[in-house]
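Structure first, commentary second.
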Amino acid sequence: MRKRRTFKKELSKYDFLTTASETAESMGRDVYIVGGFVRDLILSRKKNEMDFLVVGDGPSFATQFAQRLGISHINIFKNFGTAHFKYNDYDLEFVGARKESYNKNSRNPSVTAGSFEDDIQRRDFTINTLALSLNKKNFGRLIDIYGGYEDIDSKLIKTPLDPYITFNDDPLRIMRAIRFASQLGFEIAEPTLEAITLMRERLSIISQERITDELFKILASNVPSIGLKYLYETKVLHIIFPEIANLAGVEQRKDYHHKDVFYHTCQVVDNIAPKTDDVYLRFAALVHDIAKPHTKRFVEGTGWTFHGHEDLGAKLMKSIFIRLKLPMHKLEYIKTLVKLHLRPIALAKEIVTDSAIRRLIVEADEFLEDLITLCRADITSKNPNKVTKYLKNYDRVMSRVLEVKEKDRLRAFQSPVRGEEIMSLLNLKPSRLVGVIKSSIEEAILEGIIPNTYQASYEYMMANYKRWIDDFNQPK
Ligand code: CTP
C-alpha cells in the first residue's frame with residue numbers, strides 16, 4: 001500500500017483543529033497530534049481522545065487554545081507538565097515534548113524538555129509514534145520516523161527502539177503490546193516478543209490495577225484468545241494469572257486423554273465475545289474451569305474426571321478477586337456462574353421435575369440468561385451435529401424454565417377483588433364460600449371471560465354471586 005503523506009482532509013473535519021493551528025502559529029510553537037488518535041484514524045477506528053504534543057510548554061499552549069475556544073474549565077497538572085480539557089465530545093490532552101530517562105525501580109521518569117524527536121523515540125510502539133502536524137506550513141502532514149504506517153499496514157506491534165530499552169523504560173508496555181495485538185488483531189514482531197518473554201518479571205513494579213485493566217481490555221477485544229495465547233506463550237500469564245496458565249497441558253493414560261483446558265478456555269472466551277460486551281461475563285468464561293487441575297482424577301474404566309470443579313472454582317473466586325483488585329460487588333455474579341455452569345446440561349434430559357427447574361431458577365436468579373449464554377459458549381466440539389444437539393438441549397432447558405415460571409406466575413395469581421372486600425360487599429363471614437367466589441373470579445380472568453381489572457372483576461362478581469352461593473349451598 002502506498003503511504004499516505006497527508007491527512008489534511010480528515011483533520012479539516014475537526015474545526016477546532018484550525019483554532020489549534022492558529023494558536024500554535026501565534027505562539028510560534030510547533031504542535032502535533034500524536035499517538036493513538038493518529039493510529040486509529042489510519043485504521044478508521046473512532047477515538048474521542050486527542051493527544052497534542054507541543055514543542056515547548058504544553059499547559060501554556062492548552063490555556064491559550066482553550067481561551068480561543070471559549071472554554072474556561074481546564075485541568076493543569078503542573079508536576080507532569082500536562083493539561084487537559086473537554087471540547088464537545090472530545091478529551092484533549094496536552095504535553096510538552098520531553099526527553100525522559102527512567103529509574104530502574106520506578107515507572108516515574110525524570111523528565112526534561114526535549115525535541116519532537118526526543119519525545120517520539122521514547123514512545124511504546126511504532127504504530128503509536130505517528131504524528132500529524134498542526135503547523136500552518138504543513139497542516140495535516142504525517143510524520144513517521146519509525147515506519148509506523150507500514151507496521152499498521154502489515155499489522156505489526158514493534159518497539160521503535162531496542163525493545164529492552166522500551167520495556168525497561170516502562171514495563172506496563174509488556175501488557176500494552178499484548179493488549180494492542182488482541183484489540184487490533186495484530187502480530188507481535190519476533191524481537192519484541194522475545195524481549196517480553198525475557199523481561200516479564202519487570203511487571204513486578206507495575207500496580208495490580210493497571211495490569212488488571214490491561215487484562216480486561218484483552219477480554220474486551222473481539223478475539224480475546226489472541227491476547228490470552230500471547231500471555232501464555234510469553235509466560236506473562238504465569239505471573240499475572242497463574243491459575244489460568246495452569247489449565248494448559250493434556251495427559252494421556254491408556255486410551256484416555258482430556259482436552260487441553262487452557263485452549264478450551266480460550267475458545268469459550270472467543271465464543272462468548274460476539275454474544276456479549278459485558279467484560280464480567282467474558283471473565284466468567286475465562287475462569288469457569290479454573291479448578292479443573294485441582295480436581296483432576298483418573299478413574300479406572302471411566303477415564304479423567306473433574307468432579308466438583310464447579311464448586312471449588314466458585315470458592316476460589318474470592319481470593320482471586322482480592323488479588324486482582326476486582327470490584328467485590330461482582331463477586332457473587334462470577335461465583336454463581338462458575339458454580340452453576342454444569343447445572344443446565346444436567347437438566348437437559350427428557351424428563352426433569354418442575355422442582356429441579358425451579359431450583360435452577362432460584363439459584364441462578366437474575367443471572368440465568370447469562371448462565372445459559374456461558375453454557376452455550378462452553379460447547380467447543382468440532383462435530384457440528386453434536387454442537388446442534390447440545391444447543392437444542394439448552395433451548396429445551398430454557399423452554400422448561402419459561403413453562404415453570406408461567407405455572408408459578410399463574411399459581412401466584414390473585415383476584416383483583418380480595419377476600420376482605422368480598423366479605424364486606426356480600427356481607428359474608430370468613431368461610432370456604434369466600435374462597436370459592438374468589439376462585440370463580442380468577443377462573444373467569446384466566447379463561448379470558450373478563451379482563452384482569454378491578455372494575456370488571458367487581459361487576460362480574462355482582463352479576464354472578466347469587467348463582468355461586470346457590471351452587472355452593474346445593475347438597476352434594
Ligand atoms: N504511551 C507510551 N507508553 C505508555 C503509554 C502511552 O509510549 N506506557 C504513548 C503512546 O504513544 C500512546 C500515547 O502515549 O499512543 C497515548 O497513550 P494512551 O492514551 O494510553 O494510549 P493510546 O495509544 O491512545 O491507545 P488507547 O487509548 O486505545 O489505550
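Labeling convention for the C-alpha cells: chains A, B, ... as they appear, residues from 1 per chain, ligands from 1 in order of appearance.
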Quick one: which chain A residues come within 8 Å of ligand 1, and what is the nearest atom pair for each with the distance in Å to one decimal, counting only C-alpha atoms and all ligand atoms, rows ordered by chain and ascending number, as JSON lines?
```
{"residue": "A:Val34", "atom": "CA", "partner": "ligand 1", "partner_atom_place_in_ligand_line": "11 (O)", "distance": 6.8}
{"residue": "A:Gly35", "atom": "CA", "partner": "ligand 1", "partner_atom_place_in_ligand_line": "15 (O)", "distance": 3.4}
{"residue": "A:Gly36", "atom": "CA", "partner": "ligand 1", "partner_atom_place_in_ligand_line": "23 (O)", "distance": 3.5}
{"residue": "A:Phe37", "atom": "CA", "partner": "ligand 1", "partner_atom_place_in_ligand_line": "24 (O)", "distance": 6.2}
{"residue": "A:Arg39", "atom": "CA", "partner": "ligand 1", "partner_atom_place_in_ligand_line": "23 (O)", "distance": 7.6}
{"residue": "A:Lys47", "atom": "CA", "partner": "ligand 1", "partner_atom_place_in_ligand_line": "27 (O)", "distance": 7.9}
{"residue": "A:Glu49", "atom": "CA", "partner": "ligand 1", "partner_atom_place_in_ligand_line": "24 (O)", "distance": 7.1}
{"residue": "A:Met50", "atom": "CA", "partner": "ligand 1", "partner_atom_place_in_ligand_line": "24 (O)", "distance": 7.7}
{"residue": "A:Asp51", "atom": "CA", "partner": "ligand 1", "partner_atom_place_in_ligand_line": "16 (C)", "distance": 6.7}
{"residue": "A:Ile120", "atom": "CA", "partner": "ligand 1", "partner_atom_place_in_ligand_line": "11 (O)", "distance": 7.4}
{"residue": "A:Arg122", "atom": "CA", "partner": "ligand 1", "partner_atom_place_in_ligand_line": "7 (O)", "distance": 6.3}
{"residue": "A:Arg123", "atom": "CA", "partner": "ligand 1", "partner_atom_place_in_ligand_line": "7 (O)", "distance": 3.3}
{"residue": "A:Asp124", "atom": "CA", "partner": "ligand 1", "partner_atom_place_in_ligand_line": "7 (O)", "distance": 3.7}
{"residue": "A:Phe125", "atom": "CA", "partner": "ligand 1", "partner_atom_place_in_ligand_line": "7 (O)", "distance": 6.9}
{"residue": "A:Ile127", "atom": "CA", "partner": "ligand 1", "partner_atom_place_in_ligand_line": "15 (O)", "distance": 7.8}
{"residue": "A:Asn128", "atom": "CA", "partner": "ligand 1", "partner_atom_place_in_ligand_line": "15 (O)", "distance": 4.3}
{"residue": "A:Thr129", "atom": "CA", "partner": "ligand 1", "partner_atom_place_in_ligand_line": "11 (O)", "distance": 5.5}
{"residue": "A:Asp170", "atom": "CA", "partner": "ligand 1", "partner_atom_place_in_ligand_line": "8 (N)", "distance": 5.9}
{"residue": "A:Pro171", "atom": "CA", "partner": "ligand 1", "partner_atom_place_in_ligand_line": "8 (N)", "distance": 7.7}
{"residue": "A:Leu172", "atom": "CA", "partner": "ligand 1", "partner_atom_place_in_ligand_line": "8 (N)", "distance": 5.8}
{"residue": "A:Arg173", "atom": "CA", "partner": "ligand 1", "partner_atom_place_in_ligand_line": "8 (N)", "distance": 5.1}
{"residue": "A:Arg176", "atom": "CA", "partner": "ligand 1", "partner_atom_place_in_ligand_line": "8 (N)", "distance": 7.2}
{"residue": "A:Phe180", "atom": "CA", "partner": "ligand 1", "partner_atom_place_in_ligand_line": "28 (O)", "distance": 7.8}
```
Looking only at strand (DSSP E) from DSSP on the backbone, list the matching residues of segment 122-367 of chain A as an mmCIF file with N, CA, C and O atoms, in the first residue's frame.
```
data_model
loop_
_atom_site.group_PDB
_atom_site.id
_atom_site.type_symbol
_atom_site.label_atom_id
_atom_site.label_comp_id
_atom_site.auth_asym_id
_atom_site.auth_seq_id
_atom_site.Cartn_x
_atom_site.Cartn_y
_atom_site.Cartn_z
ATOM 1 N N ALA A 131 2.739 11.026 13.998
ATOM 2 C CA ALA A 131 2.271 12.357 14.389
ATOM 3 C C ALA A 131 1.688 13.072 13.178
ATOM 4 O O ALA A 131 2.115 12.837 12.033
ATOM 5 N N LEU A 132 0.705 13.926 13.426
ATOM 6 C CA LEU A 132 0.155 14.775 12.363
ATOM 7 C C LEU A 132 0.438 16.223 12.738
ATOM 8 O O LEU A 132 0.106 16.653 13.846
ATOM 9 N N SER A 133 1.040 16.939 11.793
ATOM 10 C CA SER A 133 1.395 18.315 12.087
ATOM 11 C C SER A 133 0.155 19.210 12.089
ATOM 12 O O SER A 133 -0.726 19.073 11.247
ATOM 13 N N LEU A 142 1.744 13.831 7.717
ATOM 14 C CA LEU A 142 2.077 12.695 8.583
ATOM 15 C C LEU A 142 3.589 12.638 8.805
ATOM 16 O O LEU A 142 4.364 12.661 7.846
ATOM 17 N N ILE A 143 3.985 12.580 10.046
ATOM 18 C CA ILE A 143 5.417 12.446 10.347
ATOM 19 C C ILE A 143 5.640 11.060 10.939
ATOM 20 O O ILE A 143 5.082 10.727 11.983
ATOM 21 N N LEU A 156 1.539 -5.070 12.638
ATOM 22 C CA LEU A 156 2.675 -5.486 13.438
ATOM 23 C C LEU A 156 2.896 -4.576 14.649
ATOM 24 O O LEU A 156 2.907 -3.349 14.517
ATOM 25 N N ILE A 157 3.070 -5.206 15.810
ATOM 26 C CA ILE A 157 3.435 -4.451 17.027
ATOM 27 C C ILE A 157 4.942 -4.577 17.190
ATOM 28 O O ILE A 157 5.473 -5.687 17.314
ATOM 29 N N GLU A 187 0.005 -8.855 14.984
ATOM 30 C CA GLU A 187 1.012 -9.798 15.460
ATOM 31 C C GLU A 187 2.101 -9.022 16.196
ATOM 32 O O GLU A 187 2.324 -7.848 15.882
ATOM 33 N N ILE A 188 2.765 -9.683 17.120
ATOM 34 C CA ILE A 188 3.893 -9.007 17.786
ATOM 35 C C ILE A 188 5.185 -9.456 17.102
ATOM 36 O O ILE A 188 5.405 -10.663 16.924
ATOM 37 N N GLN A 252 -2.221 -38.181 28.908
ATOM 38 C CA GLN A 252 -2.678 -39.386 28.225
ATOM 39 C C GLN A 252 -2.467 -40.553 29.181
ATOM 40 O O GLN A 252 -1.368 -40.736 29.699
ATOM 41 N N ARG A 253 -3.533 -41.285 29.461
ATOM 42 C CA ARG A 253 -3.403 -42.506 30.275
ATOM 43 C C ARG A 253 -4.208 -43.577 29.558
ATOM 44 O O ARG A 253 -5.388 -43.395 29.284
ATOM 45 N N TYR A 256 -7.202 -42.916 27.266
ATOM 46 C CA TYR A 256 -7.945 -41.711 27.637
ATOM 47 C C TYR A 256 -7.045 -40.491 27.684
ATOM 48 O O TYR A 256 -5.997 -40.504 28.296
ATOM 49 N N HIS A 257 -7.486 -39.418 27.055
ATOM 50 C CA HIS A 257 -6.823 -38.139 27.311
ATOM 51 C C HIS A 257 -7.935 -37.115 27.465
ATOM 52 O O HIS A 257 -9.087 -37.363 27.134
ATOM 53 N N ARG A 297 -8.852 -36.353 38.290
ATOM 54 C CA ARG A 297 -8.537 -37.696 38.773
ATOM 55 C C ARG A 297 -8.687 -38.673 37.628
ATOM 56 O O ARG A 297 -9.531 -38.482 36.745
ATOM 57 N N PHE A 298 -7.899 -39.722 37.652
ATOM 58 C CA PHE A 298 -8.067 -40.769 36.641
ATOM 59 C C PHE A 298 -8.809 -41.918 37.279
ATOM 60 O O PHE A 298 -8.369 -42.480 38.277
ATOM 61 N N VAL A 299 -9.961 -42.234 36.726
ATOM 62 C CA VAL A 299 -10.768 -43.323 37.289
ATOM 63 C C VAL A 299 -10.718 -44.503 36.328
ATOM 64 O O VAL A 299 -11.056 -44.348 35.146
ATOM 65 N N GLY A 303 -12.001 -43.019 32.914
ATOM 66 C CA GLY A 303 -11.101 -42.032 32.328
ATOM 67 C C GLY A 303 -10.950 -40.853 33.264
ATOM 68 O O GLY A 303 -11.076 -41.003 34.480
ATOM 69 N N TRP A 304 -10.708 -39.661 32.694
ATOM 70 C CA TRP A 304 -10.442 -38.473 33.516
ATOM 71 C C TRP A 304 -11.742 -37.895 34.058
ATOM 72 O O TRP A 304 -12.723 -37.789 33.335
ATOM 73 N N THR A 305 -11.740 -37.516 35.315
ATOM 74 C CA THR A 305 -12.908 -36.821 35.872
ATOM 75 C C THR A 305 -12.436 -35.538 36.571
ATOM 76 O O THR A 305 -11.278 -35.430 36.958
#
```
Which of A:Val31, A:Ala456, A:Ile74, A:Ala220 sits closest to Pro274 of chain A [using only C-alpha atoms]:
A:Ala220
Show me, as a ChimeraX atom specification, the residues that have an atom within 6 Å of segment 309-315 of chain A when counting only C-alpha atoms, minus same-chain residues fewer than 4 positions from it.
/A:290-292,295,335,338-339
Go ahead and dump the residues you just picked, N, CA and C atoms, as a PDB file, in the first residue's frame.
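What ended up in part_30.pdb:
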```pdb
ATOM      1  N   ILE A 290     -11.601 -23.097  36.232  1.00  0.00           N
ATOM      2  CA  ILE A 290     -10.327 -22.789  36.900  1.00  0.00           C
ATOM      3  C   ILE A 290      -9.886 -23.883  37.879  1.00  0.00           C
ATOM      4  N   ALA A 291     -10.854 -24.617  38.433  1.00  0.00           N
ATOM      5  CA  ALA A 291     -10.473 -25.625  39.440  1.00  0.00           C
ATOM      6  C   ALA A 291     -10.281 -27.012  38.822  1.00  0.00           C
ATOM      7  N   LYS A 292     -10.310 -27.104  37.499  1.00  0.00           N
ATOM      8  CA  LYS A 292     -10.136 -28.435  36.895  1.00  0.00           C
ATOM      9  C   LYS A 292      -8.809 -29.092  37.293  1.00  0.00           C
ATOM     10  N   THR A 295      -9.012 -30.789  40.674  1.00  0.00           N
ATOM     11  CA  THR A 295      -9.971 -31.879  40.921  1.00  0.00           C
ATOM     12  C   THR A 295      -9.763 -33.045  39.959  1.00  0.00           C
ATOM     13  N   LYS A 335     -19.203 -15.974  40.968  1.00  0.00           N
ATOM     14  CA  LYS A 335     -19.308 -17.228  41.733  1.00  0.00           C
ATOM     15  C   LYS A 335     -20.520 -18.041  41.273  1.00  0.00           C
ATOM     16  N   VAL A 338     -19.857 -19.622  37.822  1.00  0.00           N
ATOM     17  CA  VAL A 338     -18.888 -20.727  37.885  1.00  0.00           C
ATOM     18  C   VAL A 338     -19.545 -21.944  38.546  1.00  0.00           C
ATOM     19  N   LYS A 339     -20.237 -21.686  39.627  1.00  0.00           N
ATOM     20  CA  LYS A 339     -20.838 -22.776  40.396  1.00  0.00           C
ATOM     21  C   LYS A 339     -21.909 -23.526  39.602  1.00  0.00           C
TER      22      LYS A 339
END
```
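Distances to Leu134 of chain A were evaluated for A:Ile445, A:Ile422, A:Leu53, A:Ile372 using only C-alpha atoms, and the minimum falls at A:Leu53.
When the distance limit is 8 Å and only C-alpha atoms are what count, the residues near segment 16-22 of chain A, minus those fewer than 2 positions from it on the same chain, are A:Leu11, A:Ser12, A:Tyr14, A:Ala24, A:Glu25, A:Ser26, A:Val31, A:Phe65, A:Arg68, A:Leu69, A:Leu134, A:Asn135, A:Lys136, A:Phe139.
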Members of segment 223-269 of chain A assigned alpha helix (DSSP H) by DSSP, as a VMD selection string
chain A and resid 224 to 233 236 to 240 242 to 245 261 to 269
Would you save the residues of that selection, restricted to C-alpha atoms, as a CSV table (one decimal), in the first residue's frame?
```csv
chain,number,residue,atom,x,y,z
A,224,PRO,CA,-9.6,-12.3,23.2
A,225,SER,CA,-7.7,-15.6,22.6
A,226,ILE,CA,-5.1,-13.6,20.6
A,227,GLY,CA,-4.1,-11.8,23.8
A,228,LEU,CA,-4.6,-14.9,26.0
A,229,LYS,CA,-2.3,-17.0,23.9
A,230,TYR,CA,0.4,-14.3,23.8
A,231,LEU,CA,0.1,-14.0,27.6
A,232,TYR,CA,0.6,-17.8,27.8
A,233,GLU,CA,3.4,-18.1,25.3
A,236,VAL,CA,3.4,-13.4,31.4
A,237,LEU,CA,0.2,-15.3,32.3
A,238,HIS,CA,2.2,-17.4,34.7
A,239,ILE,CA,2.9,-14.2,36.6
A,240,ILE,CA,-0.3,-12.3,36.3
A,242,PRO,CA,-1.0,-18.5,37.2
A,243,GLU,CA,-4.3,-20.4,37.8
A,244,ILE,CA,-5.2,-19.8,34.1
A,245,ALA,CA,-1.7,-20.7,32.9
A,261,VAL,CA,-8.3,-26.9,29.3
A,262,PHE,CA,-6.4,-23.7,28.5
A,263,TYR,CA,-7.1,-23.9,24.8
A,264,HIS,CA,-10.7,-25.0,25.5
A,265,THR,CA,-11.0,-21.9,27.8
A,266,CYS,CA,-9.6,-19.6,25.0
A,267,GLN,CA,-12.2,-21.0,22.7
A,268,VAL,CA,-15.0,-20.5,25.2
A,269,VAL,CA,-13.9,-16.8,25.7
```
Spatial neighbours of segment 432-442 of chain A, 10 Å, only C-alpha atoms, chain gap at least 5 places, as a ChimeraX atom specification:
/A:410,413-423,426,447-450,452,456-458,460-461,464-465,468-469,472-473
Write out, as a PDB file, in the first residue's frame, the residues just selected, with N, CA and C atoms.
```pdb
ATOM      1  N   LEU A 410     -49.008 -18.147  37.403  1.00  0.00           N
ATOM      2  CA  LEU A 410     -50.445 -18.372  37.479  1.00  0.00           C
ATOM      3  C   LEU A 410     -50.857 -18.774  38.885  1.00  0.00           C
ATOM      4  N   PHE A 413     -51.231 -16.003  41.080  1.00  0.00           N
ATOM      5  CA  PHE A 413     -52.199 -15.035  40.603  1.00  0.00           C
ATOM      6  C   PHE A 413     -53.296 -14.785  41.637  1.00  0.00           C
ATOM      7  N   GLN A 414     -53.689 -13.552  41.810  1.00  0.00           N
ATOM      8  CA  GLN A 414     -54.705 -13.182  42.812  1.00  0.00           C
ATOM      9  C   GLN A 414     -55.804 -12.361  42.155  1.00  0.00           C
ATOM     10  N   SER A 415     -57.024 -12.622  42.554  1.00  0.00           N
ATOM     11  CA  SER A 415     -58.138 -11.828  42.022  1.00  0.00           C
ATOM     12  C   SER A 415     -57.994 -10.363  42.432  1.00  0.00           C
ATOM     13  N   PRO A 416     -58.325  -9.423  41.539  1.00  0.00           N
ATOM     14  CA  PRO A 416     -58.237  -8.008  41.915  1.00  0.00           C
ATOM     15  C   PRO A 416     -59.233  -7.654  43.032  1.00  0.00           C
ATOM     16  N   VAL A 417     -60.324  -8.456  43.166  1.00  0.00           N
ATOM     17  CA  VAL A 417     -61.225  -8.231  44.310  1.00  0.00           C
ATOM     18  C   VAL A 417     -60.804  -9.217  45.402  1.00  0.00           C
ATOM     19  N   ARG A 418     -60.315  -8.693  46.515  1.00  0.00           N
ATOM     20  CA  ARG A 418     -59.719  -9.546  47.533  1.00  0.00           C
ATOM     21  C   ARG A 418     -60.748 -10.055  48.538  1.00  0.00           C
ATOM     22  N   GLY A 419     -60.352 -11.104  49.300  1.00  0.00           N
ATOM     23  CA  GLY A 419     -61.237 -11.768  50.257  1.00  0.00           C
ATOM     24  C   GLY A 419     -61.977 -10.817  51.197  1.00  0.00           C
ATOM     25  N   GLU A 420     -61.211  -9.894  51.810  1.00  0.00           N
ATOM     26  CA  GLU A 420     -61.805  -8.955  52.780  1.00  0.00           C
ATOM     27  C   GLU A 420     -62.974  -8.213  52.152  1.00  0.00           C
ATOM     28  N   GLU A 421     -62.746  -7.768  50.914  1.00  0.00           N
ATOM     29  CA  GLU A 421     -63.735  -6.937  50.249  1.00  0.00           C
ATOM     30  C   GLU A 421     -64.971  -7.761  49.868  1.00  0.00           C
ATOM     31  N   ILE A 422     -64.720  -9.012  49.447  1.00  0.00           N
ATOM     32  CA  ILE A 422     -65.837  -9.900  49.096  1.00  0.00           C
ATOM     33  C   ILE A 422     -66.751 -10.047  50.315  1.00  0.00           C
ATOM     34  N   MET A 423     -66.114 -10.242  51.484  1.00  0.00           N
ATOM     35  CA  MET A 423     -66.897 -10.434  52.708  1.00  0.00           C
ATOM     36  C   MET A 423     -67.737  -9.201  53.008  1.00  0.00           C
ATOM     37  N   LEU A 426     -70.553  -8.558  50.218  1.00  0.00           N
ATOM     38  CA  LEU A 426     -71.643  -9.548  50.161  1.00  0.00           C
ATOM     39  C   LEU A 426     -72.142  -9.924  51.553  1.00  0.00           C
ATOM     40  N   GLU A 447     -59.657 -17.607  32.010  1.00  0.00           N
ATOM     41  CA  GLU A 447     -60.350 -18.098  30.808  1.00  0.00           C
ATOM     42  C   GLU A 447     -60.557 -16.989  29.775  1.00  0.00           C
ATOM     43  N   GLY A 448     -60.242 -15.766  30.155  1.00  0.00           N
ATOM     44  CA  GLY A 448     -60.394 -14.647  29.222  1.00  0.00           C
ATOM     45  C   GLY A 448     -61.828 -14.153  29.119  1.00  0.00           C
ATOM     46  N   ILE A 449     -62.692 -14.538  30.071  1.00  0.00           N
ATOM     47  CA  ILE A 449     -64.094 -14.082  30.027  1.00  0.00           C
ATOM     48  C   ILE A 449     -64.168 -12.590  30.386  1.00  0.00           C
ATOM     49  N   ILE A 450     -63.373 -12.205  31.352  1.00  0.00           N
ATOM     50  CA  ILE A 450     -63.295 -10.773  31.713  1.00  0.00           C
ATOM     51  C   ILE A 450     -61.824 -10.357  31.749  1.00  0.00           C
ATOM     52  N   ASN A 452     -58.382  -8.539  33.284  1.00  0.00           N
ATOM     53  CA  ASN A 452     -57.795  -8.592  34.624  1.00  0.00           C
ATOM     54  C   ASN A 452     -57.791  -7.200  35.262  1.00  0.00           C
ATOM     55  N   ALA A 456     -63.881  -4.801  36.181  1.00  0.00           N
ATOM     56  CA  ALA A 456     -64.511  -5.946  35.516  1.00  0.00           C
ATOM     57  C   ALA A 456     -64.782  -7.070  36.521  1.00  0.00           C
ATOM     58  N   SER A 457     -63.834  -7.290  37.436  1.00  0.00           N
ATOM     59  CA  SER A 457     -63.995  -8.356  38.424  1.00  0.00           C
ATOM     60  C   SER A 457     -65.171  -8.048  39.351  1.00  0.00           C
ATOM     61  N   TYR A 458     -65.260  -6.774  39.732  1.00  0.00           N
ATOM     62  CA  TYR A 458     -66.336  -6.350  40.639  1.00  0.00           C
ATOM     63  C   TYR A 458     -67.696  -6.586  39.971  1.00  0.00           C
ATOM     64  N   TYR A 460     -68.441  -8.469  37.466  1.00  0.00           N
ATOM     65  CA  TYR A 460     -68.672  -9.893  37.215  1.00  0.00           C
ATOM     66  C   TYR A 460     -69.161 -10.583  38.489  1.00  0.00           C
ATOM     67  N   MET A 461     -68.535 -10.223  39.618  1.00  0.00           N
ATOM     68  CA  MET A 461     -68.923 -10.828  40.897  1.00  0.00           C
ATOM     69  C   MET A 461     -70.362 -10.429  41.250  1.00  0.00           C
ATOM     70  N   ASN A 464     -72.910 -12.363  39.314  1.00  0.00           N
ATOM     71  CA  ASN A 464     -72.958 -13.828  39.419  1.00  0.00           C
ATOM     72  C   ASN A 464     -73.016 -14.408  40.824  1.00  0.00           C
ATOM     73  N   TYR A 465     -72.807 -13.544  41.832  1.00  0.00           N
ATOM     74  CA  TYR A 465     -72.586 -14.133  43.171  1.00  0.00           C
ATOM     75  C   TYR A 465     -73.768 -14.958  43.666  1.00  0.00           C
ATOM     76  N   TRP A 468     -73.473 -18.392  42.398  1.00  0.00           N
ATOM     77  CA  TRP A 468     -72.375 -19.128  43.038  1.00  0.00           C
ATOM     78  C   TRP A 468     -72.774 -19.581  44.439  1.00  0.00           C
ATOM     79  N   ILE A 469     -73.488 -18.702  45.162  1.00  0.00           N
ATOM     80  CA  ILE A 469     -73.886 -19.057  46.531  1.00  0.00           C
ATOM     81  C   ILE A 469     -74.896 -20.217  46.490  1.00  0.00           C
ATOM     82  N   PHE A 472     -73.120 -23.333  45.751  1.00  0.00           N
ATOM     83  CA  PHE A 472     -72.341 -23.739  46.925  1.00  0.00           C
ATOM     84  C   PHE A 472     -73.244 -24.429  47.957  1.00  0.00           C
ATOM     85  N   ASN A 473     -74.478 -23.922  48.066  1.00  0.00           N
ATOM     86  CA  ASN A 473     -75.388 -24.457  49.088  1.00  0.00           C
ATOM     87  C   ASN A 473     -76.156 -25.703  48.652  1.00  0.00           C
TER      88      ASN A 473
END
```
If we count only C-alpha atoms, what is near Lys3 of chain A at a cut-off of 12 Å, once residues fewer than 6 positions away on the same chain are taken out, given as a ChimeraX atom specification?
/A:42,141-144,147-153
Find the residues around Asp277 of chain A up to 10 Å (only C-alpha atoms counted), leave out those fewer than 4 positions away in its own chain, and share them as a VMD selection string.
chain A and resid 219 to 222 272 to 273 281 to 282
Nearest to Arg29 of chain A by atom-to-atom distance, counting only C-alpha atoms, from A:Arg467, A:Leu92, A:Asp15, A:Ala97
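With only C-alpha atoms as the atom set, the closest residue is A:Ala97.
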Grab the atom CA of Asn427 of chain A to atom CA of Pro451 of chain A distance for me, in Å with one decimal place.
25.2 Å
Atom CA of Phe216 of chain A to atom CA of Val279 of chain A: how many Å, to one decimal?
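Straight-line distance from atom CA of Phe216 of chain A to atom CA of Val279 of chain A works out to 6.8 Å.
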May I ask for the distance between atom CA of Ser115 of chain A and atom CA of Lys78 of chain A, given in Å to one decimal place?
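According to the coordinates, atom CA of Ser115 of chain A and atom CA of Lys78 of chain A are separated by 19.6 Å.
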